[in-house]
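Colleague: Have a peek at model_16.txt (compact mmCIF, C-alpha atoms).
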# COMPACT_ATOMS: atom_id res chain seq x y z
CA MET T 14 -13.97 6.90 20.50
CA PRO T 15 -17.17 7.96 22.35
CA GLY T 16 -15.28 9.74 25.12
CA VAL T 17 -13.10 11.76 22.78
CA LEU T 18 -15.74 13.24 20.50
CA ARG T 19 -16.38 16.93 20.99
CA TYR T 20 -20.05 17.83 21.23
CA LEU T 21 -21.65 21.23 21.03
CA ALA T 22 -25.02 21.57 22.78
CA THR T 23 -27.11 24.65 22.10
CA ASP T 24 -30.09 25.51 24.27
CA ASP T 25 -31.37 28.68 25.87
CA ASP T 26 -32.22 26.75 29.04
CA PRO T 27 -29.18 26.47 31.34
CA ALA T 28 -30.96 23.75 33.35
CA PHE T 29 -31.18 21.55 30.27
CA LEU T 30 -27.50 22.08 29.45
CA MET T 31 -26.59 21.14 33.03
CA VAL T 32 -28.64 17.95 32.93
CA LEU T 33 -27.27 17.04 29.52
CA GLY T 34 -23.68 17.62 30.60
CA GLN T 35 -24.07 15.59 33.77
CA MET T 36 -25.92 12.79 32.02
CA MET T 37 -23.33 12.59 29.26
CA ALA T 38 -20.56 12.43 31.83
CA ALA T 39 -22.44 9.63 33.61
CA LEU T 40 -22.58 7.85 30.23
CA GLY T 41 -18.82 8.12 29.81
CA ARG T 42 -18.87 11.01 27.36
CA THR T 43 -17.01 14.27 27.55
CA PRO T 44 -19.53 16.94 28.60
CA PRO T 45 -20.44 19.16 25.68
CA VAL T 46 -19.23 22.60 24.84
CA THR T 47 -22.34 24.75 25.34
CA ALA T 48 -23.95 27.73 23.67
CA ASN T 49 -27.08 29.55 24.87
CA SER T 50 -28.29 30.75 21.49
CA GLY T 51 -28.12 30.05 17.79
CA PRO T 52 -25.80 33.00 17.00
CA GLU T 53 -23.46 31.94 19.81
CA ALA T 54 -23.34 28.40 18.40
CA LEU T 55 -22.74 29.65 14.85
CA ALA T 56 -19.93 31.93 16.01
CA LEU T 57 -18.21 28.93 17.57
CA LEU T 58 -18.91 26.58 14.68
CA SER T 59 -17.61 28.97 12.07
CA ASP T 60 -14.10 28.46 13.46
CA PRO T 61 -12.82 25.15 11.99
CA ALA T 62 -10.16 25.03 14.71
CA GLU T 63 -12.90 24.32 17.28
CA GLN T 64 -13.25 20.79 15.85
CA ILE T 65 -16.82 20.04 16.88
CA ASP T 66 -17.74 16.44 15.99
CA CYS T 67 -21.48 16.39 16.84
CA ILE T 68 -24.08 19.08 17.45
CA LEU T 69 -27.15 18.98 19.67
CA LEU T 70 -29.54 21.79 18.87
CA ASP T 71 -32.72 22.90 20.60
CA PHE T 72 -35.62 23.51 18.23
CA GLN T 73 -37.23 26.33 20.09
CA MET T 74 -34.95 29.17 21.05
CA PRO T 75 -35.71 32.88 21.21
CA GLY T 76 -34.43 34.86 18.24
CA MET T 77 -33.02 32.32 15.81
CA ASP T 78 -34.76 28.95 16.08
CA GLY T 79 -32.98 25.61 15.81
CA ILE T 80 -34.11 24.95 12.24
CA GLU T 81 -32.57 28.19 11.00
CA VAL T 82 -29.39 27.47 12.97
CA CYS T 83 -29.23 24.01 11.40
CA ARG T 84 -29.66 25.45 7.91
CA ARG T 85 -26.81 27.90 8.55
CA ILE T 86 -24.60 25.15 9.99
CA ARG T 87 -24.96 23.27 6.71
CA GLU T 88 -23.68 26.34 4.88
CA LEU T 89 -20.37 26.01 6.73
CA PRO T 90 -18.11 23.89 4.51
CA HIS T 91 -16.47 22.09 7.42
CA HIS T 92 -19.84 21.13 8.96
CA ARG T 93 -21.68 19.93 5.87
CA ASP T 94 -21.80 16.38 7.19
CA THR T 95 -21.37 16.90 10.93
CA PRO T 96 -24.21 15.05 12.66
CA VAL T 97 -26.84 17.47 14.01
CA MET T 98 -29.33 16.14 16.53
CA MET T 99 -32.34 18.36 17.10
CA VAL T 100 -33.69 18.40 20.62
CA THR T 101 -37.40 18.95 21.07
CA THR T 102 -40.13 18.57 23.63
CA LEU T 103 -42.85 16.05 22.90
CA ASN T 104 -45.02 18.94 21.70
CA GLY T 105 -42.43 20.01 19.14
CA ARG T 106 -42.18 16.79 17.20
CA ASN T 107 -44.34 18.18 14.41
CA HIS T 108 -41.35 20.36 13.44
CA VAL T 109 -39.13 17.37 12.86
CA ASP T 110 -39.77 17.23 9.10
CA ALA T 111 -38.68 20.86 8.71
CA ALA T 112 -35.54 20.10 10.71
CA PHE T 113 -34.63 17.16 8.48
CA ALA T 114 -35.24 19.38 5.44
CA ALA T 115 -32.79 21.88 6.96
CA GLY T 116 -30.13 19.17 7.26
CA ALA T 117 -30.68 17.62 10.71
CA THR T 118 -29.49 14.06 11.19
CA ASP T 119 -31.71 12.89 14.04
CA TYR T 120 -33.81 14.18 16.89
CA LEU T 121 -34.05 13.63 20.62
CA THR T 122 -36.96 14.44 22.88
CA LYS T 123 -36.97 16.39 26.11
CA PRO T 124 -37.02 15.58 28.95
CA LEU T 125 -33.90 13.52 28.54
CA ASP T 126 -34.13 9.81 29.05
CA ARG T 127 -30.85 8.10 29.82
CA ILE T 128 -31.53 5.09 27.62
CA GLU T 129 -32.69 7.18 24.68
CA LEU T 130 -29.78 9.58 25.07
CA GLU T 131 -27.26 6.75 25.13
CA ALA T 132 -28.80 5.19 22.02
CA ARG T 133 -28.84 8.51 20.15
CA LEU T 134 -25.27 9.41 21.13
CA GLY T 135 -24.17 5.94 20.06
CA MET T 136 -25.84 6.48 16.69
CA MET T 137 -24.15 9.89 16.27
CA GLU T 138 -20.78 8.40 17.21
CA ARG T 139 -21.16 5.55 14.72
CA LEU T 140 -22.02 8.13 12.10
CA VAL T 141 -18.94 10.20 12.93
CA ALA T 142 -16.76 7.07 12.82
CA GLU T 143 -18.23 6.00 9.47
CA ARG T 144 -17.79 9.45 7.98
CA ARG T 145 -14.22 9.62 9.21
CA GLN T 146 -13.56 6.22 7.70
CA VAL T 147 -15.12 7.31 4.42
CA ARG T 148 -12.98 10.47 4.42
CA GLU T 149 -9.84 8.44 5.14
CA LEU T 150 -10.66 5.90 2.45
CA ARG T 151 -11.45 8.67 0.00
CA ALA T 152 -8.10 10.29 0.77
CA ILE T 153 -6.33 6.98 0.18
CA VAL T 154 -8.26 6.39 -3.05
CA ASP T 155 -7.57 9.94 -4.22
CA GLN T 156 -3.90 9.55 -3.49
CA ALA T 157 -3.78 6.19 -5.24
CA THR T 158 -5.71 7.62 -8.15
CA ARG T 159 -3.34 10.54 -8.43
CA SER T 160 -0.31 8.29 -8.41
CA ARG T 161 -1.72 5.36 -10.37
CA GLU T 162 -3.70 7.12 -13.00
CA VAL T 163 -0.93 9.32 -14.29
CA ARG T 164 -1.30 9.23 -18.05
CA PHE T 165 1.60 9.83 -20.38
CA GLU T 166 2.92 8.66 -23.70
CA PHE T 167 6.00 6.54 -24.23
CA ALA T 168 7.76 9.54 -25.77
CA ASP T 169 7.06 11.79 -22.76
CA ALA T 170 9.97 12.81 -20.58
CA VAL T 171 8.18 12.12 -17.30
CA ASP T 172 9.81 13.40 -14.14
CA LEU T 173 10.97 10.48 -11.98
CA LYS T 174 10.26 12.09 -8.63
CA ASP T 175 11.33 9.06 -6.61
CA CYS T 176 14.59 8.60 -8.46
CA HIS T 177 17.55 9.96 -6.51
CA ALA T 178 19.83 10.27 -9.54
CA THR T 179 17.74 12.21 -12.02
CA LEU T 180 16.65 15.77 -12.68
CA ASP T 181 13.60 16.77 -14.66
CA PHE T 182 14.56 16.67 -18.35
CA HIS T 183 13.59 20.30 -18.85
CA ALA T 184 15.92 21.28 -16.02
CA LEU T 185 18.74 19.33 -17.67
CA ARG T 186 18.06 21.04 -21.01
CA ASN T 187 18.38 24.39 -19.27
CA TYR T 188 21.60 23.44 -17.52
CA PRO T 189 23.99 23.95 -20.50
CA HIS T 190 22.37 27.35 -21.14
CA THR T 191 23.71 28.47 -17.79
CA LEU T 192 27.28 27.74 -18.89
CA ASN T 193 29.50 30.11 -20.81
CA ARG T 194 31.17 28.95 -24.00
CA MET T 195 34.32 27.77 -22.23
CA SER T 196 32.44 25.89 -19.55
CA LEU T 197 30.26 24.25 -22.18
CA GLN T 198 33.41 23.01 -23.87
CA SER T 199 34.26 21.19 -20.66
CA GLN T 200 31.04 19.15 -20.86
CA MET T 201 30.02 16.03 -22.69
CA ALA T 202 26.71 14.28 -23.10
CA VAL T 203 25.94 10.57 -23.01
CA GLY T 204 22.74 8.76 -23.91
CA PHE T 205 21.40 5.60 -22.27
CA ARG T 206 18.67 3.40 -23.81
CA ILE T 207 16.64 0.69 -22.16
CA VAL T 208 16.34 -2.27 -24.51
CA GLY T 209 12.68 -3.24 -24.98
CA ALA T 210 11.39 -0.19 -23.09
CA GLU T 211 8.48 0.25 -25.48
CA ARG T 212 7.30 -3.30 -24.79
CA ALA T 213 7.59 -2.64 -21.07
CA PHE T 214 5.57 0.57 -21.47
CA ALA T 215 2.84 -1.38 -23.29
CA ARG T 216 2.65 -4.08 -20.62
CA LEU T 217 2.96 -2.04 -17.44
CA ARG T 218 0.53 0.38 -15.89
CA PRO T 219 1.80 3.99 -15.97
CA ALA T 220 2.86 4.00 -12.32
CA GLU T 221 4.58 0.62 -12.76
CA PHE T 222 6.45 1.94 -15.78
CA ILE T 223 7.58 4.93 -13.70
CA ASP T 224 8.83 2.51 -11.02
CA TYR T 225 10.63 0.58 -13.76
CA LEU T 226 12.30 3.76 -15.05
CA THR T 227 13.15 4.79 -11.49
CA ASP T 228 14.99 1.49 -10.95
CA VAL T 229 16.98 2.08 -14.14
CA GLY T 230 17.68 5.74 -13.29
CA ASP T 231 18.99 4.78 -9.86
CA CYS T 232 21.27 2.14 -11.41
CA ILE T 233 22.64 4.55 -14.02
CA GLY T 234 23.25 7.05 -11.21
CA ALA T 235 25.12 4.40 -9.21
CA ALA T 236 27.22 3.50 -12.25
CA LEU T 237 28.15 7.15 -12.80
CA LYS T 238 28.94 7.89 -9.19
CA ARG T 239 32.64 8.50 -9.82
CA PHE T 240 31.78 11.22 -12.34
CA HIS T 241 30.32 14.65 -11.86
CA PHE T 242 27.07 14.25 -13.77
CA LYS T 243 23.52 15.48 -14.28
CA LEU T 244 21.07 12.85 -15.51
CA ALA T 245 17.49 13.01 -16.77
CA TYR T 246 14.92 10.74 -18.31
CA ALA T 247 14.31 12.02 -21.85
CA GLY T 248 11.30 9.89 -22.84
CA ASN T 249 11.21 6.89 -25.25
CA GLY T 250 13.00 4.72 -22.67
CA GLU T 251 16.10 6.90 -22.95
CA PHE T 252 18.16 8.77 -20.40
CA VAL T 253 20.72 11.44 -21.10
CA ALA T 254 23.49 12.76 -18.90
CA CYS T 255 25.70 15.84 -18.96
CA LEU T 256 29.10 15.04 -17.50
CA ASP T 257 32.30 16.89 -16.94
CA ARG T 258 34.36 16.07 -20.00
CA THR T 259 36.82 13.31 -19.26
CA ASP T 260 38.75 10.65 -21.08
CA ALA T 261 38.09 8.34 -18.17
CA PHE T 262 34.53 7.68 -19.35
CA ASP T 263 34.24 4.28 -20.95
CA SER T 264 30.78 3.50 -22.32
CA TYR T 265 31.37 -0.24 -22.25
CA GLU T 266 32.53 -0.25 -18.65
CA VAL T 267 29.63 1.95 -17.61
CA GLU T 268 27.23 -0.39 -19.42
CA LEU T 269 28.66 -3.35 -17.48
CA GLU T 270 28.39 -1.43 -14.24
CA ILE T 271 24.75 -0.55 -14.93
CA ALA T 272 24.05 -4.23 -15.66
CA ARG T 273 25.73 -5.14 -12.38
CA GLN T 274 23.62 -2.58 -10.52
CA LEU T 275 20.44 -3.80 -12.20
CA SER T 276 21.22 -7.39 -11.28
CA LYS T 277 20.38 -6.41 -7.69
CA TYR T 278 16.76 -6.25 -8.85
CA GLU T 279 16.90 -9.72 -10.40
CA ALA T 280 14.80 -11.33 -7.71
CA LEU T 281 12.16 -8.61 -8.02
CA TYR T 282 11.86 -9.05 -11.77
CA GLU T 283 11.86 -12.83 -11.65
CA GLY T 284 8.43 -13.92 -12.91
CA TYR T 285 7.39 -10.29 -13.39
CA ILE T 286 5.53 -9.31 -16.54
CA VAL T 287 8.62 -7.60 -17.95
CA PRO T 288 12.22 -8.82 -17.88
CA LEU T 289 15.03 -7.21 -15.94
CA PRO T 290 15.92 -4.02 -17.82
CA LYS T 291 19.05 -3.94 -19.97
CA VAL T 292 20.69 -0.61 -20.72
CA ILE T 293 22.85 0.36 -23.68
CA VAL T 294 25.22 3.26 -23.15
CA GLY T 295 26.03 5.56 -26.08
CA ARG T 296 29.27 7.20 -27.00
CA PRO T 297 30.08 10.51 -25.34
CA VAL T 298 29.23 13.51 -27.47
CA VAL T 299 31.37 16.58 -27.01
CA PRO T 300 30.84 20.15 -28.21
CA ARG T 301 32.95 20.95 -31.21
CA LEU T 302 35.30 23.82 -30.81
CA PHE T 303 34.06 26.93 -32.60
CA SER T 304 30.84 25.14 -33.43
CA ALA T 305 27.67 27.19 -33.29
CA ARG T 306 25.49 24.23 -32.40
CA SER T 307 23.38 24.76 -29.36
CA SER T 308 23.64 22.98 -26.08
CA ASP T 309 20.27 21.35 -26.88
CA MET T 310 21.84 19.79 -29.94
CA LEU T 311 24.46 18.23 -27.71
CA LEU T 312 21.83 16.36 -25.73
CA GLN T 313 19.91 15.44 -28.86
CA GLU T 314 23.00 14.05 -30.50
CA ALA T 315 23.80 11.98 -27.44
CA ILE T 316 20.28 10.55 -27.53
CA ALA T 317 20.41 9.95 -31.26
CA ALA T 318 23.63 8.07 -30.79
CA ILE T 319 21.91 5.30 -28.86
CA ARG T 320 18.86 4.86 -31.10
CA PRO T 321 18.65 1.52 -32.90
CA HIS T 322 18.68 2.99 -36.39
CA VAL T 323 21.98 4.64 -35.71
CA SER T 324 24.98 2.50 -36.48
CA PRO T 325 26.94 1.75 -33.36
CA ALA T 326 29.49 4.45 -32.97
CA PRO T 327 33.08 3.58 -32.28
CA ARG T 328 33.85 3.57 -28.61
CA LEU T 329 36.23 6.42 -28.77
CA ASN T 330 37.24 6.52 -25.17
CA ARG T 331 37.67 2.87 -24.43
CA ARG T 332 40.86 2.40 -22.66
CA ALA T 333 43.29 -0.17 -23.79
CA MET C 10 -39.53 8.33 47.12
CA ALA C 11 -36.85 7.17 44.70
CA LEU C 12 -33.41 8.69 45.04
CA ARG C 13 -31.84 10.96 42.43
CA PRO C 14 -28.31 10.21 41.33
CA ASP C 15 -25.65 12.26 43.08
CA TRP C 16 -24.81 14.26 39.97
CA LEU C 17 -28.42 15.36 39.65
CA GLU C 18 -28.63 16.28 43.32
CA ALA C 19 -25.61 18.51 42.74
CA ILE C 20 -27.37 20.60 40.10
CA LEU C 21 -30.83 20.58 41.72
CA PRO C 22 -30.23 23.87 43.62
CA ARG C 23 -29.57 25.63 40.31
CA PHE C 24 -32.75 24.08 38.86
CA ARG C 25 -34.74 25.36 41.82
CA GLU C 26 -33.24 28.79 41.44
CA LEU C 27 -34.23 28.88 37.77
CA THR C 28 -37.70 27.54 38.55
CA GLY C 29 -38.18 30.32 41.13
CA GLU C 30 -37.29 32.92 38.50
CA ARG C 31 -39.64 31.27 36.01
CA LEU C 32 -42.48 31.16 38.52
CA ASP C 33 -42.11 34.92 39.00
CA ALA C 34 -42.02 35.42 35.25
CA LEU C 35 -45.13 33.25 34.82
CA ARG C 36 -47.03 35.29 37.39
CA ARG C 37 -45.98 38.53 35.69
CA ALA C 38 -47.07 37.22 32.31
CA ARG C 39 -50.48 36.14 33.67
CA ALA C 40 -50.96 39.56 35.24
CA ALA C 41 -49.98 41.22 31.95
CA ALA C 42 -52.41 39.00 30.06
CA ARG C 43 -55.27 39.97 32.38
CA SER C 44 -54.66 43.72 31.99
CA ALA C 45 -53.62 43.84 28.31
CA ALA C 46 -56.08 44.57 25.52
CA ASP C 47 -54.08 42.24 23.33
CA PRO C 48 -52.86 39.22 25.31
CA ARG C 49 -50.99 37.55 22.44
CA GLU C 50 -47.55 38.57 23.64
CA ALA C 51 -48.35 37.32 27.15
CA VAL C 52 -49.58 34.00 25.73
CA ARG C 53 -46.35 33.62 23.75
CA ALA C 54 -44.30 34.37 26.88
CA ILE C 55 -46.29 31.83 28.92
CA GLY C 56 -45.86 29.24 26.14
CA THR C 57 -42.10 29.80 26.07
CA LEU C 58 -41.82 29.51 29.85
CA ALA C 59 -43.89 26.32 29.83
CA HIS C 60 -41.74 24.91 27.03
CA THR C 61 -38.58 25.54 29.03
CA VAL C 62 -39.97 24.00 32.21
CA ALA C 63 -41.32 20.99 30.28
CA GLY C 64 -37.84 20.35 28.90
CA THR C 65 -36.16 19.51 32.19
CA ALA C 66 -38.68 19.06 35.02
CA ALA C 67 -39.00 15.31 34.56
CA SER C 68 -35.21 14.94 34.42
CA PHE C 69 -35.14 16.15 38.02
CA GLY C 70 -37.95 13.82 39.01
CA PHE C 71 -40.74 16.44 38.85
CA ASP C 72 -43.09 14.52 36.61
CA ARG C 73 -46.24 16.41 37.60
CA LEU C 74 -44.52 19.72 36.93
CA GLY C 75 -43.39 18.45 33.52
CA ALA C 76 -46.88 17.25 32.62
CA CYS C 77 -48.50 20.56 33.66
CA ALA C 78 -45.92 22.52 31.65
CA ARG C 79 -46.49 20.35 28.57
CA ARG C 80 -50.25 20.94 28.68
CA VAL C 81 -49.75 24.71 28.94
CA GLU C 82 -47.09 24.70 26.22
CA GLN C 83 -49.36 22.76 23.88
CA ALA C 84 -52.31 25.09 24.45
CA CYS C 85 -50.24 28.23 23.91
CA GLN C 86 -48.69 26.89 20.70
CA GLY C 87 -51.99 25.62 19.32
CA PRO C 88 -53.76 27.12 16.31
CA GLY C 89 -55.65 30.40 16.81
CA ALA C 90 -53.39 31.87 19.47
CA ASP C 91 -52.23 34.49 16.99
CA ASP C 92 -55.60 36.23 17.10
CA PRO C 93 -56.18 38.50 20.17
CA GLN C 94 -59.62 37.05 20.89
CA ALA C 95 -58.43 33.51 20.41
CA ALA C 96 -55.47 34.22 22.67
CA ARG C 97 -57.91 35.46 25.32
CA ALA C 98 -59.92 32.27 24.86
CA VAL C 99 -56.77 30.17 25.25
CA LEU C 100 -56.01 31.89 28.55
CA GLY C 101 -59.53 31.16 29.72
CA ARG C 102 -59.28 27.49 28.76
CA ILE C 103 -55.95 26.93 30.46
CA ALA C 104 -56.60 28.92 33.63
CA ALA C 105 -56.84 25.72 35.67
CA ASP C 106 -53.72 24.31 34.03
CA LEU C 107 -51.84 27.51 34.78
CA ASP C 108 -52.89 27.29 38.43
CA ALA C 109 -51.72 23.70 38.49
CA LEU C 110 -48.45 24.71 36.88
CA GLU C 111 -47.83 27.44 39.44
CA ASP C 112 -48.63 24.98 42.20
CA ALA C 113 -46.26 22.35 40.80
CA MET C 114 -43.52 24.94 40.44
CA GLU C 115 -43.99 26.02 44.04
CA GLN C 116 -43.82 22.42 45.17
CA SER C 117 -40.60 21.82 43.29
CA LEU C 118 -39.01 24.69 45.17
CA ARG C 119 -39.44 22.88 48.48
CA PRO C 120 -36.46 20.81 49.60
CA ALA C 121 -36.76 17.08 48.99
CA ALA C 122 -39.77 17.59 46.73
CA ALA C 123 -40.17 15.08 43.94
CA THR C 124 -42.95 12.97 42.57
CA PRO C 125 -42.91 9.55 44.22
CA GLY C 126 -42.08 6.79 41.83
CA SER C 127 -40.76 9.16 39.19
CA TRP C 128 -37.18 8.04 39.63
CA PRO C 129 -35.01 6.63 38.05
CA ARG C 130 -36.86 6.72 34.72
CA ALA C 131 -35.20 9.87 33.54
CA ALA C 132 -31.63 9.45 34.54
CA GLY C 133 -30.62 6.13 36.09
CA GLY C 134 -27.33 5.37 37.77
CA ALA C 135 -24.72 7.62 39.18
So, in terms of C-alpha cells, how does the structure I just supplied come out?

Modeller:
Amino acid sequence: MPGVLRYLATDDDPAFLMVLGQMMAALGRTPPVTANSGPEALALLSDPAEQIDCILLDFQMPGMDGIEVCRRIRELPHHRDTPVMMVTTLNGRNHVDAAFAAGATDYLTKPLDRIELEARLGMMERLVAERRQVRELRAIVDQATRSREVRFEFADAVDLKDCHATLDFHALRNYPHTLNRMSLQSQMAVGFRIVGAERAFARLRPAEFIDYLTDVGDCIGAALKRFHFKLAYAGNGEFVACLDRTDAFDSYEVELEIARQLSKYEALYEGYIVPLPKVIVGRPVVPRLFSARSSDMLLQEAIAAIRPHVSPAPRLNRRA
Amino acid sequence: MALRPDWLEAILPRFRELTGERLDALRRARAAARSAADPREAVRAIGTLAHTVAGTAASFGFDRLGACARRVEQACQGPGADDPQAARAVLGRIAADLDALEDAMEQSLRPAAATPGSWPRAAGGA
C-alpha cells in the first residue's frame, strides 16, 4: 500500500517540496501532490474526487499558517480523519500542541531526515490502512445490522425482496383495482398457509424468518408456474395469489407440488431449529357475479379460507 | 567530503538558485532594517528567510548554513521582537550571526560546496 497512497505536501518553500518529493521517491513512495500555500491546499482538498490519503503541512507559511489550514481541513467532511502531519523546524516545536488541538495527527521536523521520514510515513500509512479497515468493517456491520435487525411482527406482510415469485402485498392488493369489472370476474384468489409458521417466527431471528418465507414463496411460485399468477406474502405465515380463473387449478395437486418443491430444501432443514415448512393450499375464491364485494374482500376471503378455525372447504375444482 | 545521492545532486542547482535569491532578499532586509525607524517588519522578513533556509540547508549537506539560519530564526521569533526598540536590539545581538549566515549562503552557492562529514545523515542512499 505505501506506494499507492496519495500525499499532499504544502509548503511555501519549493526547495523543501523538491527534497521531500525526491526523498519519498527514494523511499518507494509516490511523490506528493504539492501546494505552495494554505489556500491552494484547501482548494485542492475541498474536492473529494482528488482522493488525498495523507497530508503534510508546513507550520509556518505566509498568509494562512499551517495550524489554521489544519483546522479548516478538519471542517471538510471527507478529511475529518485523514492523517495530517505538521512539518516544523526545530525552532517551531513549541507550536506542536496548538497543531494537535487543531486536529494534526503527528509532526515531522525540518530538515528532513531519511530515517525519521520513513518512520513517520510508515506510521501515517498504518493509520490510513487501519482507518480504511475500520470503515470497511463498519460498512459490513452496518449492512449486516440493516439486514439482520429488521424488526417486524408475525402479522406483518413483510416484502420478500429476495423471493423471485412474490410481489409486495400492497402491490397485490392494488392489482385487482386496476381491473375492470369483467376482468375481475376472470380472476380467482387462493390462500396458502405455512403450518407452524408462528412457532418458526418465535424461534428464528427476523432475517432467518424472512429466508424461511423466501424458501416457501419460491416453492409456491414453482408450483404455480403453469398458471398466470401474482403472489404475495400477506403476513401471519400466509401467502395469497391472484390467478387467471381456471378450472384446471387443483388445490390438492398444488399442495403436493409445493411439498415436492420444498423437499429440495430437506438437507438444509435437517437438524435446523425449525422443521421443513409444510404448506396448506386453500380453495380458490372467485368473485360472485353481480356482487358488490371489493377486490380486497376477494383476497381476504382466500386467506380466511386457509385459517385453522375455518372448516376445510370442499375442494371444488378437484378433477376426477 | 561525503557524496550526495544522485537525486539530490539533480535538484541542487535549483536550491542554489533559490539560495541566491534569498541572499539578495536578506541583504535588502538588513539594509531596510538599518534605515527604518521601525525595524520590526525587517526583522520579521529576516526571520522568515532564515526559517526557510533552515528547513532545507542540511538536507543538501549544508549543515553550517542550516545552523546559522536556525540561530537567526530563533532570535527573530523570540519574545520582544514585536516592540520597535526590542527589534532593534535583536538586530544588534544577531549582527554576527547574520554575517555568518550571509557567508554560509555565499559558500553554498559555490559548486561542490558542502560541509565535510555532513553526508549522508540527511538523506542516505540513492

Colleague: Find the residues near Cys77 (chain C): any atom within 7 Å, counting only C-alpha atoms, skip ones fewer than 3 places away on the same chain, and give them as a ChimeraX atom specification.

Modeller: /C:73-74,80-81,106,109-110

Colleague: Pull out every residue of chain C sitting within 12 Å of chain T, counting only C-alpha atoms, and send them as a PyMOL selection string.

Modeller: chain C and resi 14-28+31+53-54+56-72+74-76+78-87+128-135

Colleague: How far is it from CA of Gln146 (chain T) to CA of Ile80 (chain T), in Å with one decimal?

Modeller: 28.2 Å

Colleague: Show which residues sit within 7 Å of region 252-262 of chain T, as a list in words. Count all atoms listed in the file, and ignore same-chain residues fewer than 3 positions away.

Modeller: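 The contact residues come out as Ser199, Gln200, Met201, Ala202, Val203, Gly204, Phe205, Arg206, Phe240, His241, Phe242, Lys243, Leu244, Ala245, Tyr246, Ala247, Leu312, Ile316 and Asn330 of chain T.
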
Colleague: When you draw a straight line from CA of Val82 (chain T) to CA of Glu149 (chain T), how long is it in Å?

Modeller: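 Separation between CA of Val82 (chain T) and CA of Glu149 (chain T): 28.4 Å.
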
Colleague: Mind giving me the straight-line distance from CA of Thr95 (chain T) to CA of Val141 (chain T) in Å, one decimal?

Modeller: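 According to the coordinates, CA of Thr95 (chain T) and CA of Val141 (chain T) are separated by 7.4 Å.
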
Colleague: Can you pull out the residues contacting Gly250 (chain T)? Cut-off 8 Å, using all atoms listed in the file, and skip same-chain residues under 6 positions away; I want them as a list in words.

Modeller: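 The neighbour list is Phe167, Ala168, Arg206, Ile207, Val208, Ala210, Glu211 and Leu226 of chain T.
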